[in-house]
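Visitor: One structure follows; several queries about it will come next.
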Amino acid sequence: ISNRDATGNKKKKSGKVAPAPEQTAEAAGYATLAKAILKKVEEKRKAPFPSNIKPMLTTLVDKPFDAEGWSYEVKWDGYRAIAYRNGKKTELLSRNNISFRDQFYPVYEALQNWNMQAVVDGEIVAANDKGFTSFQQLQNWRSEADGELFYYVFDILWLYGYDLTGLPLATRRDILKRVVPPDGLVRYSESFETSATEFFEAAKKLGIEGMIAKRNDSEYIPGARTKDWLKIKSGQRHEAVIGGYTRNEDSTKLFSALLLGVYKNKKLHFIGQAGTGYTDALRKEILDKLKPLETPKCPFAEIPVVNKPSRFRPRPPKAAVVWVKPKLVGEVQYQELTDEGVMRHPSFQGLRIDKKAQDVMMDVPVPVPAKKKVRNMIEEKIVQPVKAGKKGADRKTLLNPHHESQERSIGGHSLKFTNLSKLYWPEEKISKRDLLNYYYKIAPYILPYLKDRPQSLNRHPNGIYAESFYQKNVAGTIPPWLTTHDYKNTSKEGNKRFLVCTDEASLLYMANLGCIEMNPWHSRIQAPDHPDWCVIDLDPDTNPFTQVVEAANVVRSILDAVNVASWPKTSGSTGIHIYIPLGAAYDYDQSRMLAELIVTIAHREIGSFTSLERTPAKRKGKLYLDFLQNRAIQTIAAPYSVRPKPGATVSAPLHWEEVTNKLSIKDFTLHNMPARIREQGDLFKGVLGKGIDLEKVIKKISSVFG
């Protein structure tokens, strides 16, 4: 929890995860440092690489205490996990030896990039917008779109052939702090040597779940629950076994409440029913898991009376009970326990996949013998680094790498993504999943050029080498929540109902259809006959790309001479597009005439290798200066759009200074465009700014070029 960002790990073209640059720079020295530290460890501590270590457990106490020889840590609200890293082999296991490698794949991939042979103990958490951990957010985590994951490491058990569990905690943590990577998802969990009571009060005010107190000279005893490690909770939370569920009379909910219990003397004892804390999606997930466990036999030692009035529920609803075999474990937050041992105002926080039902027993606090400075310390070391990392963090993945079909809620709309491993670019091993994740990452940047614009859908449902087709008319084929635009063209195409991109959900809907590229109109539905920009398309035939670059710079020089700002981008195929902002002040005929005038002037200068002929046969291998793109319902690949071309090239906005003979369209791809956007920002946003004064521009062109 030192001053670290949340950059995480980035992916190479191959799909393998590459370490963050900051981590790479220091990783090479970790092994040397670790071995130097181990020279101080006695020879007798040599031990083979361990497996299936049971984590050391804490004892719950009712309040903090101040004593010499103790240090204090934040009680993380997540999943306890022991990480095993031995050369090329990596494992991340829960306290019950359940692998987290698929479920929390960013953490697993970060550990794979740790240049170390070690076994460490820590907690996997999800950080919320306030910089603290949220168990509910972690429980609902499916991909990086659901939030930032961290693995806070607080102990080290084995290192380069040495068993460290018998060393004092202070020594182990000193070793750990030296070898944990300085950046990324794996983080060192700070300890605080301060007043325990002040630390606890500060943690409560900041909304932290609680604190852990550890004796500095304690050894690590796997599987043991000792008083050398203590936990103090700032709120009442408890694991509980699900023994049944209820359905209230006349309720439309899948279930109304879960019946919860804990084990005592190998019998399940009822501790209450939780009827709040659920989303519709969570209810469905829980019920899907409970259905196979339904049984006619009550699993509790005594049958609970669920309809019994109490001072907390004087008029309980009539409820039917369904018993289930006690296999699933959940986490519950509650106000207090009644004298009968029943939770008051319980709220369900989420399922726990890391604990076995028979291990869940009542955690009763053990009594212990009987200051703003600490709060600032916690904020400085915990909250601010996480918030700073989240503020600058880029979007990562929407769809996880393991499930072939995934359903996500995007902007309030449920989208089901299927066939995610289908290779759209077989040679490069780039899948449909990769395409969807790309559009999710760059959605904030591409949407300004798609929003409220009818789309021409160029669908490649089986990849770039299979059959594709254009779909302009979507009448009767799309969900009702999508926006459409009816347009009667004067050409033979007649009436068509176009899909209109309005937001992230509609963008991803199109990509899910197999639309590798995004082809928007130049105008928006608010002014369908008035384009927002004029575009000049430099389309080569057999020309070398150096001639495309030369033509682009000639067009720029013409526009500069009449004080017209312009923005270039690669087509993502073979050419270059040059945009001029119009601000929807002119119609398509005026836009086309402006483009025709400019390319005619350019053709006078470079006519030896350019042509104004639309028919390819008449160009005779020359570069086409295309001004006819400026027509109603005509479309062109949007800025940042992927193209269905080898290499998964992208139509990339450029600085004019980049339009030189060193420019290569292949340098801009689905893989590196998000990083370029992070570094450069949106180079094309000026296109949506103030439009030109066409009358003044025409007069200026007439004056300068005759």
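Residue numbers start at 1 in each chain; chains themselves are named A, B, ... in the order of the structure tokens; ligands are numbered from 1 in the order shown.
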Within stretch 600-693 of chain A, find each residue whose DSSP state, derived from the backbone, is strand (DSSP E), and express the selection as a VMD selection string.
Guide: chain A and resid 610 to 611 623 to 626
Visitor: Output all heavy atoms of each residue in that selection to a file, as a tab-separated table (two decimals), in the first residue's frame.
Guide:
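Output (part34.tsv):
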chain	number	residue	atom	x	y	z
A	610	THR	N	-1.85	10.97	-60.00
A	610	THR	CA	-3.19	11.02	-59.41
A	610	THR	C	-4.26	11.07	-60.49
A	610	THR	O	-3.99	11.36	-61.66
A	610	THR	CB	-3.35	12.26	-58.51
A	610	THR	OG1	-3.21	13.45	-59.30
A	610	THR	CG2	-2.35	12.26	-57.37
A	611	SER	N	-5.50	10.79	-60.08
A	611	SER	CA	-6.62	10.78	-61.01
A	611	SER	C	-7.88	11.25	-60.29
A	611	SER	O	-8.04	11.04	-59.08
A	611	SER	CB	-6.85	9.37	-61.57
A	611	SER	OG	-8.03	9.31	-62.35
A	623	LEU	N	-3.42	7.11	-58.30
A	623	LEU	CA	-4.04	7.35	-56.99
A	623	LEU	C	-5.30	8.18	-57.19
A	623	LEU	O	-5.27	9.24	-57.83
A	623	LEU	CB	-3.05	8.07	-56.08
A	623	LEU	CG	-3.45	8.33	-54.63
A	623	LEU	CD1	-2.19	8.36	-53.75
A	623	LEU	CD2	-4.20	9.64	-54.45
A	624	TYR	N	-6.41	7.72	-56.64
A	624	TYR	CA	-7.70	8.38	-56.82
A	624	TYR	C	-7.88	9.43	-55.73
A	624	TYR	O	-7.85	9.13	-54.53
A	624	TYR	CB	-8.81	7.34	-56.75
A	624	TYR	CG	-10.22	7.88	-56.88
A	624	TYR	CD1	-10.53	8.92	-57.75
A	624	TYR	CD2	-11.26	7.31	-56.13
A	624	TYR	CE1	-11.83	9.40	-57.87
A	624	TYR	CE2	-12.56	7.77	-56.26
A	624	TYR	CZ	-12.84	8.82	-57.12
A	624	TYR	OH	-14.13	9.29	-57.24
A	625	LEU	N	-8.10	10.69	-56.15
A	625	LEU	CA	-8.41	11.78	-55.23
A	625	LEU	C	-9.93	11.83	-55.10
A	625	LEU	O	-10.63	12.51	-55.86
A	625	LEU	CB	-7.86	13.10	-55.76
A	625	LEU	CG	-6.34	13.14	-56.02
A	625	LEU	CD1	-5.94	14.47	-56.64
A	625	LEU	CD2	-5.55	12.88	-54.75
A	626	ASP	N	-10.44	11.07	-54.13
A	626	ASP	CA	-11.89	10.82	-54.04
A	626	ASP	C	-12.59	11.93	-53.27
A	626	ASP	O	-12.35	12.14	-52.08
A	626	ASP	CB	-12.11	9.47	-53.35
A	626	ASP	CG	-13.57	9.04	-53.35
A	626	ASP	OD1	-14.42	9.80	-53.84
A	626	ASP	OD2	-13.85	7.93	-52.86
Visitor: Applying 7 Å and only C-alpha atoms, which residues near A:Lys622 remain after dropping the ones on its own chain fewer than 4 positions away? List them as a VMD selection string.
Guide: chain A and resid 540 to 543 609 to 611
Visitor: Which one is closest to A:Lys205: A:Ser51, A:Ser234, A:Thr570, A:Gln358? Count only C-alpha atoms.
Guide: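 Checking each of A:Ser51, A:Ser234, A:Thr570, A:Gln358 against A:Lys205, counting only C-alpha atoms, the winner is A:Ser234.
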Visitor: Pick out the residues sitting within 9 Å of A:Ile464, and hand them over as number ranges by chain; count only C-alpha atoms, and ignore anything fewer than 3 positions along from it in its own chain.
Guide: A: 424-426, 460-461, 467-468, 516, 644-646
Visitor: Just give me the gap between atom CA of A:Gly350 and atom CA of A:Met362 in Å, one decimal is fine.
Guide: 18.0 Å
Visitor: Could you pull the residues within 12 Å of A:Ile221, counting only C-alpha atoms, minus those fewer than 5 positions along the same chain, as number ranges by chain?
Guide: A: 53-58, 155, 157, 163-169, 226-229
Visitor: Include all heavy atoms and write out the residues we just selected as a compact mmCIF listing (two decimals), in the first residue's frame.
Guide:
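The result, written out as selection.txt:
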# COMPACT_ATOMS: atom_id res chain seq x y z
N ILE A 53 -0.57 -25.32 1.60
CA ILE A 53 -0.39 -24.73 2.93
C ILE A 53 -1.73 -24.17 3.40
O ILE A 53 -2.41 -23.44 2.67
CB ILE A 53 0.66 -23.61 2.90
CG1 ILE A 53 2.03 -24.19 2.53
CG2 ILE A 53 0.74 -22.91 4.26
CD1 ILE A 53 3.11 -23.14 2.39
N LYS A 54 -2.12 -24.50 4.61
CA LYS A 54 -3.32 -23.92 5.20
C LYS A 54 -2.95 -22.57 5.82
O LYS A 54 -1.97 -22.48 6.57
CB LYS A 54 -3.89 -24.84 6.29
CG LYS A 54 -4.40 -26.17 5.77
CD LYS A 54 -5.67 -25.98 4.97
CE LYS A 54 -6.26 -27.33 4.54
NZ LYS A 54 -7.47 -27.14 3.70
N PRO A 55 -3.67 -21.51 5.54
CA PRO A 55 -3.30 -20.20 6.08
C PRO A 55 -3.47 -20.13 7.59
O PRO A 55 -4.36 -20.76 8.16
CB PRO A 55 -4.26 -19.24 5.38
CG PRO A 55 -5.41 -20.08 4.96
CD PRO A 55 -4.85 -21.44 4.66
N MET A 56 -2.60 -19.36 8.21
CA MET A 56 -2.73 -19.09 9.64
C MET A 56 -3.95 -18.21 9.85
O MET A 56 -4.22 -17.29 9.07
CB MET A 56 -1.46 -18.40 10.14
CG MET A 56 -1.42 -18.15 11.63
SD MET A 56 0.24 -17.62 12.13
CE MET A 56 -0.04 -17.13 13.82
N LEU A 57 -4.71 -18.46 10.93
CA LEU A 57 -5.98 -17.78 11.14
C LEU A 57 -5.91 -16.80 12.30
O LEU A 57 -5.02 -16.89 13.16
CB LEU A 57 -7.08 -18.82 11.39
CG LEU A 57 -7.24 -19.88 10.30
CD1 LEU A 57 -8.29 -20.90 10.70
CD2 LEU A 57 -7.59 -19.24 8.96
N THR A 58 -6.87 -15.90 12.33
CA THR A 58 -6.93 -14.88 13.38
C THR A 58 -8.00 -15.23 14.40
O THR A 58 -8.96 -15.95 14.11
CB THR A 58 -7.24 -13.50 12.78
OG1 THR A 58 -8.47 -13.60 12.06
CG2 THR A 58 -6.14 -13.05 11.85
N ASP A 155 2.42 -11.65 4.10
CA ASP A 155 3.38 -12.57 4.73
C ASP A 155 4.08 -13.39 3.65
O ASP A 155 3.53 -13.60 2.56
CB ASP A 155 2.67 -13.50 5.72
CG ASP A 155 3.53 -13.83 6.93
OD1 ASP A 155 4.78 -13.94 6.77
OD2 ASP A 155 2.98 -13.95 8.03
N LEU A 157 6.20 -17.14 3.20
CA LEU A 157 6.35 -18.41 3.91
C LEU A 157 7.53 -19.23 3.42
O LEU A 157 8.05 -20.09 4.15
CB LEU A 157 5.05 -19.24 3.74
CG LEU A 157 3.74 -18.48 3.91
CD1 LEU A 157 2.57 -19.42 3.78
CD2 LEU A 157 3.71 -17.75 5.24
N ASP A 163 12.45 -22.35 4.20
CA ASP A 163 11.20 -22.23 4.93
C ASP A 163 11.32 -21.05 5.90
O ASP A 163 12.18 -21.06 6.79
CB ASP A 163 10.94 -23.53 5.70
CG ASP A 163 9.68 -23.47 6.55
OD1 ASP A 163 8.94 -22.47 6.45
OD2 ASP A 163 9.43 -24.42 7.32
N LEU A 164 10.48 -20.04 5.74
CA LEU A 164 10.57 -18.84 6.56
C LEU A 164 9.54 -18.80 7.67
O LEU A 164 9.51 -17.85 8.45
CB LEU A 164 10.40 -17.59 5.68
CG LEU A 164 11.32 -17.46 4.46
CD1 LEU A 164 11.08 -16.12 3.77
CD2 LEU A 164 12.78 -17.60 4.85
N THR A 165 8.68 -19.81 7.77
CA THR A 165 7.56 -19.75 8.72
C THR A 165 8.02 -19.67 10.17
O THR A 165 7.29 -19.14 11.01
CB THR A 165 6.63 -20.96 8.55
OG1 THR A 165 7.40 -22.17 8.74
CG2 THR A 165 6.00 -20.98 7.16
N GLY A 166 9.21 -20.19 10.48
CA GLY A 166 9.69 -20.16 11.86
C GLY A 166 10.36 -18.87 12.25
O GLY A 166 10.70 -18.68 13.42
N LEU A 167 10.56 -17.96 11.29
CA LEU A 167 11.17 -16.67 11.61
C LEU A 167 10.14 -15.75 12.25
O LEU A 167 8.94 -15.90 12.02
CB LEU A 167 11.71 -16.02 10.33
CG LEU A 167 12.83 -16.76 9.59
CD1 LEU A 167 13.20 -15.99 8.33
CD2 LEU A 167 14.05 -16.93 10.49
N PRO A 168 10.56 -14.77 13.02
CA PRO A 168 9.61 -13.81 13.60
C PRO A 168 8.89 -13.04 12.49
O PRO A 168 9.44 -12.78 11.42
CB PRO A 168 10.49 -12.88 14.43
CG PRO A 168 11.76 -13.64 14.66
CD PRO A 168 11.95 -14.52 13.47
N LEU A 169 7.66 -12.66 12.78
CA LEU A 169 6.86 -11.92 11.81
C LEU A 169 7.60 -10.68 11.30
O LEU A 169 7.59 -10.39 10.10
CB LEU A 169 5.52 -11.50 12.45
CG LEU A 169 4.66 -10.55 11.62
CD1 LEU A 169 4.12 -11.25 10.38
CD2 LEU A 169 3.51 -9.98 12.46
N THR A 226 -4.52 -18.66 16.51
CA THR A 226 -3.86 -18.34 17.78
C THR A 226 -4.17 -16.90 18.18
O THR A 226 -4.72 -16.12 17.41
CB THR A 226 -2.33 -18.49 17.65
OG1 THR A 226 -1.80 -17.35 16.96
CG2 THR A 226 -1.95 -19.76 16.91
N LYS A 227 -3.77 -16.58 19.40
CA LYS A 227 -3.97 -15.21 19.89
C LYS A 227 -2.78 -14.32 19.56
O LYS A 227 -2.70 -13.18 20.04
CB LYS A 227 -4.24 -15.24 21.39
CG LYS A 227 -5.59 -15.87 21.73
CD LYS A 227 -5.92 -15.78 23.20
CE LYS A 227 -7.29 -16.40 23.48
NZ LYS A 227 -7.65 -16.34 24.92
N ASP A 228 -1.86 -14.84 18.71
CA ASP A 228 -0.78 -13.98 18.21
C ASP A 228 -1.26 -13.11 17.05
O ASP A 228 -0.65 -12.10 16.73
CB ASP A 228 0.40 -14.84 17.73
CG ASP A 228 1.15 -15.47 18.89
OD1 ASP A 228 1.04 -14.95 20.01
OD2 ASP A 228 1.83 -16.49 18.67
N TRP A 229 -2.32 -13.56 16.41
CA TRP A 229 -2.96 -12.78 15.34
C TRP A 229 -4.41 -12.54 15.75
O TRP A 229 -5.17 -13.50 15.97
CB TRP A 229 -2.93 -13.52 14.01
CG TRP A 229 -1.59 -13.58 13.33
CD1 TRP A 229 -0.37 -13.33 13.87
CD2 TRP A 229 -1.37 -13.93 11.97
NE1 TRP A 229 0.60 -13.49 12.94
CE2 TRP A 229 0.04 -13.86 11.76
CE3 TRP A 229 -2.20 -14.27 10.91
CZ2 TRP A 229 0.61 -14.14 10.52
CZ3 TRP A 229 -1.63 -14.56 9.68
CH2 TRP A 229 -0.24 -14.48 9.48
Visitor: List the spatial neighbours of A:Tyr245 as a list in words - criterion: any atom at most 7 Å away, only C-alpha atoms, same-chain residues fewer than 2 positions off excluded.
Guide: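 After dropping sequence-adjacent residues, the list is Phe255, Ala257, Leu258, Leu259, Val321, Val322 and Trp323 of chain A.
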Visitor: Take the residues just selected and output them with N, CA and C atoms as a PDB file, in the first residue's frame.
Guide:
ATOM      1  N   PHE A 255     -36.722 -15.341  -5.015  1.00  0.00           N
ATOM      2  CA  PHE A 255     -36.865 -15.774  -3.624  1.00  0.00           C
ATOM      3  C   PHE A 255     -36.886 -14.519  -2.766  1.00  0.00           C
ATOM      4  N   ALA A 257     -35.964 -14.470   0.861  1.00  0.00           N
ATOM      5  CA  ALA A 257     -34.890 -14.423   1.859  1.00  0.00           C
ATOM      6  C   ALA A 257     -34.150 -15.756   1.873  1.00  0.00           C
ATOM      7  N   LEU A 258     -32.903 -15.701   2.304  1.00  0.00           N
ATOM      8  CA  LEU A 258     -32.113 -16.913   2.513  1.00  0.00           C
ATOM      9  C   LEU A 258     -32.110 -17.251   3.999  1.00  0.00           C
ATOM     10  N   LEU A 259     -32.263 -18.529   4.318  1.00  0.00           N
ATOM     11  CA  LEU A 259     -32.225 -19.001   5.701  1.00  0.00           C
ATOM     12  C   LEU A 259     -30.792 -19.419   6.009  1.00  0.00           C
ATOM     13  N   VAL A 321     -41.368 -22.145   2.457  1.00  0.00           N
ATOM     14  CA  VAL A 321     -39.956 -22.466   2.655  1.00  0.00           C
ATOM     15  C   VAL A 321     -39.529 -23.598   1.729  1.00  0.00           C
ATOM     16  N   VAL A 322     -38.326 -23.441   1.150  1.00  0.00           N
ATOM     17  CA  VAL A 322     -37.692 -24.512   0.379  1.00  0.00           C
ATOM     18  C   VAL A 322     -36.356 -24.810   1.054  1.00  0.00           C
ATOM     19  N   TRP A 323     -36.185 -26.060   1.517  1.00  0.00           N
ATOM     20  CA  TRP A 323     -34.928 -26.441   2.162  1.00  0.00           C
ATOM     21  C   TRP A 323     -33.893 -26.830   1.106  1.00  0.00           C
TER      22      TRP A 323
END
Visitor: Rank A:Phe270, A:Gly647, A:Met361, A:Lys63 by their smallest atom-to-atom distance to A:Phe300, using only C-alpha atoms, and report the top residue only.
Guide: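 Smallest distance to A:Phe300 is found for A:Phe270.
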Visitor: Can you work out the spacing between atom CA of A:Asp587 and atom CA of A:Asp486 in Å, to one decimal?
Guide: 18.5 Å
Visitor: At a cut-off of 9 Å, using only C-alpha atoms, what residues contact stretch 136-149 of chain A? Leave out same-chain residues fewer than 4 positions from it and give the result as a PDB file with N, CA, C and O atoms, in the first residue's frame.
Guide:
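Result file is selection-v9.pdb:
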ATOM      1  N   ALA A   6      -2.054   1.826 -10.324  1.00  0.00           N
ATOM      2  CA  ALA A   6      -2.860   0.627 -10.599  1.00  0.00           C
ATOM      3  C   ALA A   6      -2.791   0.270 -12.067  1.00  0.00           C
ATOM      4  O   ALA A   6      -3.770  -0.084 -12.684  1.00  0.00           O
ATOM      5  N   GLY A   8      -1.398  -2.244 -13.608  1.00  0.00           N
ATOM      6  CA  GLY A   8      -1.633  -3.655 -13.938  1.00  0.00           C
ATOM      7  C   GLY A   8      -0.716  -4.132 -15.029  1.00  0.00           C
ATOM      8  O   GLY A   8       0.398  -3.648 -15.187  1.00  0.00           O
ATOM      9  N   ASP A  77     -11.175  -6.725   2.912  1.00  0.00           N
ATOM     10  CA  ASP A  77     -12.519  -7.288   2.715  1.00  0.00           C
ATOM     11  C   ASP A  77     -12.533  -8.049   1.392  1.00  0.00           C
ATOM     12  O   ASP A  77     -13.069  -7.580   0.395  1.00  0.00           O
ATOM     13  N   GLY A  78     -11.900  -9.258   1.382  1.00  0.00           N
ATOM     14  CA  GLY A  78     -11.791  -9.992   0.125  1.00  0.00           C
ATOM     15  C   GLY A  78     -11.646 -11.480   0.334  1.00  0.00           C
ATOM     16  O   GLY A  78     -12.165 -12.044   1.306  1.00  0.00           O
ATOM     17  N   TYR A  79     -10.934 -12.133  -0.579  1.00  0.00           N
ATOM     18  CA  TYR A  79     -10.687 -13.569  -0.523  1.00  0.00           C
ATOM     19  C   TYR A  79      -9.236 -13.821  -0.126  1.00  0.00           C
ATOM     20  O   TYR A  79      -8.307 -13.362  -0.806  1.00  0.00           O
ATOM     21  N   GLN A 103     -10.751 -17.327 -12.201  1.00  0.00           N
ATOM     22  CA  GLN A 103     -11.724 -16.351 -11.714  1.00  0.00           C
ATOM     23  C   GLN A 103     -11.114 -14.964 -11.556  1.00  0.00           C
ATOM     24  O   GLN A 103     -11.738 -13.958 -11.909  1.00  0.00           O
ATOM     25  N   PHE A 104      -9.887 -14.906 -11.071  1.00  0.00           N
ATOM     26  CA  PHE A 104      -9.212 -13.624 -10.874  1.00  0.00           C
ATOM     27  C   PHE A 104      -7.936 -13.596 -11.716  1.00  0.00           C
ATOM     28  O   PHE A 104      -6.827 -13.416 -11.216  1.00  0.00           O
ATOM     29  N   TYR A 105      -8.137 -13.768 -13.009  1.00  0.00           N
ATOM     30  CA  TYR A 105      -7.017 -13.951 -13.937  1.00  0.00           C
ATOM     31  C   TYR A 105      -6.028 -12.784 -13.960  1.00  0.00           C
ATOM     32  O   TYR A 105      -4.830 -13.019 -14.160  1.00  0.00           O
ATOM     33  N   PRO A 106      -6.424 -11.503 -13.744  1.00  0.00           N
ATOM     34  CA  PRO A 106      -5.397 -10.454 -13.741  1.00  0.00           C
ATOM     35  C   PRO A 106      -4.369 -10.633 -12.625  1.00  0.00           C
ATOM     36  O   PRO A 106      -3.185 -10.367 -12.823  1.00  0.00           O
ATOM     37  N   VAL A 107      -4.823 -11.098 -11.457  1.00  0.00           N
ATOM     38  CA  VAL A 107      -3.888 -11.330 -10.357  1.00  0.00           C
ATOM     39  C   VAL A 107      -2.969 -12.491 -10.692  1.00  0.00           C
ATOM     40  O   VAL A 107      -1.751 -12.420 -10.491  1.00  0.00           O
ATOM     41  N   ILE A 124      -7.054 -11.209  -1.972  1.00  0.00           N
ATOM     42  CA  ILE A 124      -7.501 -10.626  -3.239  1.00  0.00           C
ATOM     43  C   ILE A 124      -8.679  -9.712  -2.942  1.00  0.00           C
ATOM     44  O   ILE A 124      -9.642 -10.122  -2.287  1.00  0.00           O
ATOM     45  N   VAL A 125      -8.602  -8.464  -3.418  1.00  0.00           N
ATOM     46  CA  VAL A 125      -9.653  -7.500  -3.132  1.00  0.00           C
ATOM     47  C   VAL A 125     -10.026  -6.747  -4.410  1.00  0.00           C
ATOM     48  O   VAL A 125      -9.277  -6.728  -5.381  1.00  0.00           O
ATOM     49  N   ALA A 126     -11.208  -6.133  -4.374  1.00  0.00           N
ATOM     50  CA  ALA A 126     -11.633  -5.218  -5.436  1.00  0.00           C
ATOM     51  C   ALA A 126     -11.766  -3.844  -4.810  1.00  0.00           C
ATOM     52  O   ALA A 126     -12.395  -3.691  -3.757  1.00  0.00           O
ATOM     53  N   ALA A 127     -11.179  -2.844  -5.446  1.00  0.00           N
ATOM     54  CA  ALA A 127     -11.214  -1.490  -4.903  1.00  0.00           C
ATOM     55  C   ALA A 127     -12.401  -0.732  -5.468  1.00  0.00           C
ATOM     56  O   ALA A 127     -12.663  -0.767  -6.670  1.00  0.00           O
ATOM     57  N   ASN A 128     -13.114  -0.033  -4.591  1.00  0.00           N
ATOM     58  CA  ASN A 128     -14.227   0.788  -5.056  1.00  0.00           C
ATOM     59  C   ASN A 128     -13.744   2.204  -5.361  1.00  0.00           C
ATOM     60  O   ASN A 128     -12.558   2.519  -5.236  1.00  0.00           O
ATOM     61  N   ASP A 129     -14.667   3.076  -5.753  1.00  0.00           N
ATOM     62  CA  ASP A 129     -14.300   4.422  -6.175  1.00  0.00           C
ATOM     63  C   ASP A 129     -13.730   5.261  -5.035  1.00  0.00           C
ATOM     64  O   ASP A 129     -13.058   6.264  -5.271  1.00  0.00           O
ATOM     65  N   LEU A 185      -0.593  -5.096  -9.721  1.00  0.00           N
ATOM     66  CA  LEU A 185      -1.699  -5.653  -8.941  1.00  0.00           C
ATOM     67  C   LEU A 185      -1.237  -6.321  -7.646  1.00  0.00           C
ATOM     68  O   LEU A 185      -2.007  -6.431  -6.698  1.00  0.00           O
ATOM     69  N   LEU A 282     -28.021 -11.236  -8.950  1.00  0.00           N
ATOM     70  CA  LEU A 282     -27.494 -12.061  -7.858  1.00  0.00           C
ATOM     71  C   LEU A 282     -28.539 -13.075  -7.409  1.00  0.00           C
ATOM     72  O   LEU A 282     -28.202 -14.235  -7.131  1.00  0.00           O
ATOM     73  N   GLN A 349     -24.250 -10.036   1.562  1.00  0.00           N
ATOM     74  CA  GLN A 349     -23.161  -9.354   0.866  1.00  0.00           C
ATOM     75  C   GLN A 349     -22.644 -10.118  -0.352  1.00  0.00           C
ATOM     76  O   GLN A 349     -22.060  -9.531  -1.251  1.00  0.00           O
ATOM     77  N   GLY A 350     -22.828 -11.437  -0.372  1.00  0.00           N
ATOM     78  CA  GLY A 350     -22.365 -12.206  -1.522  1.00  0.00           C
ATOM     79  C   GLY A 350     -21.999 -13.626  -1.137  1.00  0.00           C
ATOM     80  O   GLY A 350     -21.879 -13.973   0.047  1.00  0.00           O
ATOM     81  N   LEU A 351     -21.836 -14.472  -2.145  1.00  0.00           N
ATOM     82  CA  LEU A 351     -21.425 -15.855  -1.915  1.00  0.00           C
ATOM     83  C   LEU A 351     -19.932 -15.917  -1.649  1.00  0.00           C
ATOM     84  O   LEU A 351     -19.153 -15.120  -2.182  1.00  0.00           O
ATOM     85  N   ARG A 352     -19.516 -16.900  -0.863  1.00  0.00           N
ATOM     86  CA  ARG A 352     -18.092 -17.130  -0.610  1.00  0.00           C
ATOM     87  C   ARG A 352     -17.740 -18.490  -1.190  1.00  0.00           C
ATOM     88  O   ARG A 352     -18.226 -19.516  -0.723  1.00  0.00           O
ATOM     89  N   LYS A 390      -6.578   4.508  -9.871  1.00  0.00           N
ATOM     90  CA  LYS A 390      -7.852   4.344 -10.576  1.00  0.00           C
ATOM     91  C   LYS A 390      -8.149   5.553 -11.448  1.00  0.00           C
ATOM     92  O   LYS A 390      -8.702   5.438 -12.524  1.00  0.00           O
ATOM     93  N   ARG A 395      -9.248   1.695 -19.361  1.00  0.00           N
ATOM     94  CA  ARG A 395     -10.143   0.545 -19.373  1.00  0.00           C
ATOM     95  C   ARG A 395      -9.365  -0.700 -19.732  1.00  0.00           C
ATOM     96  O   ARG A 395      -8.452  -0.656 -20.551  1.00  0.00           O
ATOM     97  N   LYS A 396      -9.783  -1.805 -19.147  1.00  0.00           N
ATOM     98  CA  LYS A 396      -9.123  -3.059 -19.470  1.00  0.00           C
ATOM     99  C   LYS A 396     -10.124  -3.951 -20.201  1.00  0.00           C
ATOM    100  O   LYS A 396     -10.658  -3.548 -21.220  1.00  0.00           O
ATOM    101  N   THR A 397     -10.394  -5.143 -19.701  1.00  0.00           N
ATOM    102  CA  THR A 397     -11.238  -6.068 -20.459  1.00  0.00           C
ATOM    103  C   THR A 397     -12.676  -6.052 -19.969  1.00  0.00           C
ATOM    104  O   THR A 397     -12.947  -5.964 -18.779  1.00  0.00           O
ATOM    105  N   LEU A 398     -13.593  -6.150 -20.931  1.00  0.00           N
ATOM    106  CA  LEU A 398     -15.015  -6.326 -20.613  1.00  0.00           C
ATOM    107  C   LEU A 398     -15.325  -7.800 -20.444  1.00  0.00           C
ATOM    108  O   LEU A 398     -16.067  -8.199 -19.544  1.00  0.00           O
ATOM    109  N   LEU A 399     -14.756  -8.634 -21.318  1.00  0.00           N
ATOM    110  CA  LEU A 399     -15.055 -10.064 -21.353  1.00  0.00           C
ATOM    111  C   LEU A 399     -13.849 -10.863 -20.888  1.00  0.00           C
ATOM    112  O   LEU A 399     -12.742 -10.665 -21.390  1.00  0.00           O
ATOM    113  N   ASN A 400     -14.069 -11.760 -19.928  1.00  0.00           N
ATOM    114  CA  ASN A 400     -12.941 -12.515 -19.397  1.00  0.00           C
ATOM    115  C   ASN A 400     -12.473 -13.560 -20.409  1.00  0.00           C
ATOM    116  O   ASN A 400     -13.201 -13.921 -21.334  1.00  0.00           O
ATOM    117  N   PRO A 401     -11.248 -14.040 -20.260  1.00  0.00           N
ATOM    118  CA  PRO A 401     -10.666 -14.914 -21.290  1.00  0.00           C
ATOM    119  C   PRO A 401     -11.091 -16.369 -21.219  1.00  0.00           C
ATOM    120  O   PRO A 401     -10.594 -17.179 -22.002  1.00  0.00           O
ATOM    121  N   TYR A 440     -14.595  -1.971 -26.323  1.00  0.00           N
ATOM    122  CA  TYR A 440     -14.920  -1.553 -24.961  1.00  0.00           C
ATOM    123  C   TYR A 440     -13.862  -0.581 -24.439  1.00  0.00           C
ATOM    124  O   TYR A 440     -14.190   0.450 -23.833  1.00  0.00           O
TER     125      TYR A 440
END
